[in-house]
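Undergrad: Structure below; questions to follow.
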Amino acid sequence: MMARADSPLPSWHLAGLPIVVKDLTAVAGLPFTQGSLLYKDCIAVADDPLVTALKAAGAIIIGKSNTPEFGAGAHTFN
């Protein structure tokens, strides 16, 4: 990915940075439960656009973090 012409950052400005994303964000090949037991066996088949952009900038997705069911609420029990 090329940097935007008006961007002061190169396209690889996150090179090698390990990133963890919430389980509300699909990462191809990783579980995508959205915090719900209804989707406990769901594996994402494609990356969310946010993940695509992070990877294009050089970030390394190392895992998923816990989330309240469907992102509703502030506490997690799963």
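Naming scheme: A, B, ... for chains in displayed order of the structure tokens; residues 1 onward per chain; ligands 1 onward as shown.
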Pull the strand (DSSP E or B) assignments for chain A out of DSSP run on the backbone, and list those residues as a ChimeraX atom specification.
TA: /A:18-22,31,43,60-65
Undergrad: Would you mind exporting the chosen residues as a JSON list (two decimals), in the first residue's frame, restricted to N, CA, C and O atoms?
TA:
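This went into out_14.json:
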[["chain", "number", "residue", "atom", "x", "y", "z"],
["A", 18, "PRO", "N", 3.06, -5.27, 17.19],
["A", 18, "PRO", "CA", 2.05, -6.29, 17.50],
["A", 18, "PRO", "C", 0.75, -5.62, 17.96],
["A", 18, "PRO", "O", 0.77, -4.70, 18.77],
["A", 19, "ILE", "N", -0.36, -6.07, 17.41],
["A", 19, "ILE", "CA", -1.67, -5.47, 17.68],
["A", 19, "ILE", "C", -2.64, -6.57, 18.11],
["A", 19, "ILE", "O", -2.65, -7.65, 17.54],
["A", 20, "VAL", "N", -3.47, -6.25, 19.09],
["A", 20, "VAL", "CA", -4.59, -7.10, 19.49],
["A", 20, "VAL", "C", -5.86, -6.32, 19.19],
["A", 20, "VAL", "O", -5.96, -5.14, 19.52],
["A", 21, "VAL", "N", -6.83, -6.96, 18.53],
["A", 21, "VAL", "CA", -8.09, -6.30, 18.22],
["A", 21, "VAL", "C", -9.22, -6.94, 19.02],
["A", 21, "VAL", "O", -9.14, -8.10, 19.41],
["A", 22, "LYS", "N", -10.26, -6.19, 19.29],
["A", 22, "LYS", "CA", -11.42, -6.72, 19.99],
["A", 22, "LYS", "C", -12.08, -7.82, 19.17],
["A", 22, "LYS", "O", -11.99, -7.83, 17.95],
["A", 31, "PRO", "N", -11.02, -17.03, 15.52],
["A", 31, "PRO", "CA", -12.40, -17.07, 16.00],
["A", 31, "PRO", "C", -13.03, -15.67, 15.96],
["A", 31, "PRO", "O", -12.35, -14.67, 16.19],
["A", 43, "ILE", "N", -15.44, -19.00, 12.67],
["A", 43, "ILE", "CA", -14.09, -18.57, 12.28],
["A", 43, "ILE", "C", -14.25, -17.57, 11.14],
["A", 43, "ILE", "O", -14.94, -17.85, 10.16],
["A", 60, "ILE", "N", 1.16, -6.34, 12.98],
["A", 60, "ILE", "CA", 1.03, -7.79, 13.05],
["A", 60, "ILE", "C", -0.09, -8.09, 14.05],
["A", 60, "ILE", "O", 0.02, -7.77, 15.23],
["A", 61, "ILE", "N", -1.17, -8.70, 13.57],
["A", 61, "ILE", "CA", -2.29, -9.06, 14.44],
["A", 61, "ILE", "C", -1.89, -10.32, 15.20],
["A", 61, "ILE", "O", -1.68, -11.37, 14.59],
["A", 62, "ILE", "N", -1.77, -10.21, 16.53],
["A", 62, "ILE", "CA", -1.30, -11.35, 17.32],
["A", 62, "ILE", "C", -2.42, -12.03, 18.10],
["A", 62, "ILE", "O", -2.20, -13.08, 18.69],
["A", 63, "GLY", "N", -3.61, -11.45, 18.10],
["A", 63, "GLY", "CA", -4.71, -12.09, 18.81],
["A", 63, "GLY", "C", -5.93, -11.20, 18.91],
["A", 63, "GLY", "O", -5.99, -10.11, 18.34],
["A", 64, "LYS", "N", -6.89, -11.71, 19.65],
["A", 64, "LYS", "CA", -8.16, -11.01, 19.86],
["A", 64, "LYS", "C", -8.34, -10.79, 21.36],
["A", 64, "LYS", "O", -7.94, -11.62, 22.16],
["A", 65, "SER", "N", -8.98, -9.70, 21.73],
["A", 65, "SER", "CA", -9.26, -9.45, 23.14],
["A", 65, "SER", "C", -10.75, -9.66, 23.43],
["A", 65, "SER", "O", -11.59, -9.61, 22.53]]
Undergrad: So which residues touch Leu30 of chain A within 8 Å, counting only C-alpha atoms, skipping near sequence neighbours fewer than 3 positions away, as a JSON list (two decimals) with N, CA, C and O atoms, in the first residue's frame?
TA:
[["chain", "number", "residue", "atom", "x", "y", "z"],
["A", 26, "ALA", "N", -13.38, -8.81, 12.69],
["A", 26, "ALA", "CA", -13.04, -10.06, 12.03],
["A", 26, "ALA", "C", -11.58, -10.07, 11.58],
["A", 26, "ALA", "O", -11.11, -9.11, 10.98],
["A", 27, "VAL", "N", -10.89, -11.17, 11.90],
["A", 27, "VAL", "CA", -9.53, -11.41, 11.42],
["A", 27, "VAL", "C", -9.55, -12.80, 10.78],
["A", 27, "VAL", "O", -9.85, -13.79, 11.45],
["A", 43, "ILE", "N", -15.44, -19.00, 12.67],
["A", 43, "ILE", "CA", -14.09, -18.57, 12.28],
["A", 43, "ILE", "C", -14.25, -17.57, 11.14],
["A", 43, "ILE", "O", -14.94, -17.85, 10.16],
["A", 44, "ALA", "N", -13.62, -16.41, 11.27],
["A", 44, "ALA", "CA", -13.73, -15.38, 10.23],
["A", 44, "ALA", "C", -13.08, -15.85, 8.94],
["A", 44, "ALA", "O", -11.99, -16.43, 8.96]]
Undergrad: Please report, as a ChimeraX atom specification, each residue of chain A to which DSSP assigns helix (DSSP H, G or I) when run on this structure's backbone.
TA: /A:37-39,49-56,69-71
Undergrad: Go through A:Asp48, A:Lys55, A:Phe32, A:Cys42 one by one, measure the shortest atom-to-atom distance of each to Ala15 of chain A using only C-alpha atoms, and give the residue with the smallest value.
TA: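 With only C-alpha atoms as the atom set, the closest residue is A:Lys55.
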Undergrad: Mind pulling up the distance from atom CA of Leu24 of chain A to atom CA of Gly71 of chain A?
TA: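 Computing the Euclidean distance for atom CA of Gly71 of chain A and atom CA of Leu24 of chain A yields 7.0 Å.
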Undergrad: Quote the spacing between atom CA of Ala72 of chain A and atom CA of Leu38 of chain A in Å to one decimal place.
TA: 14.9 Å
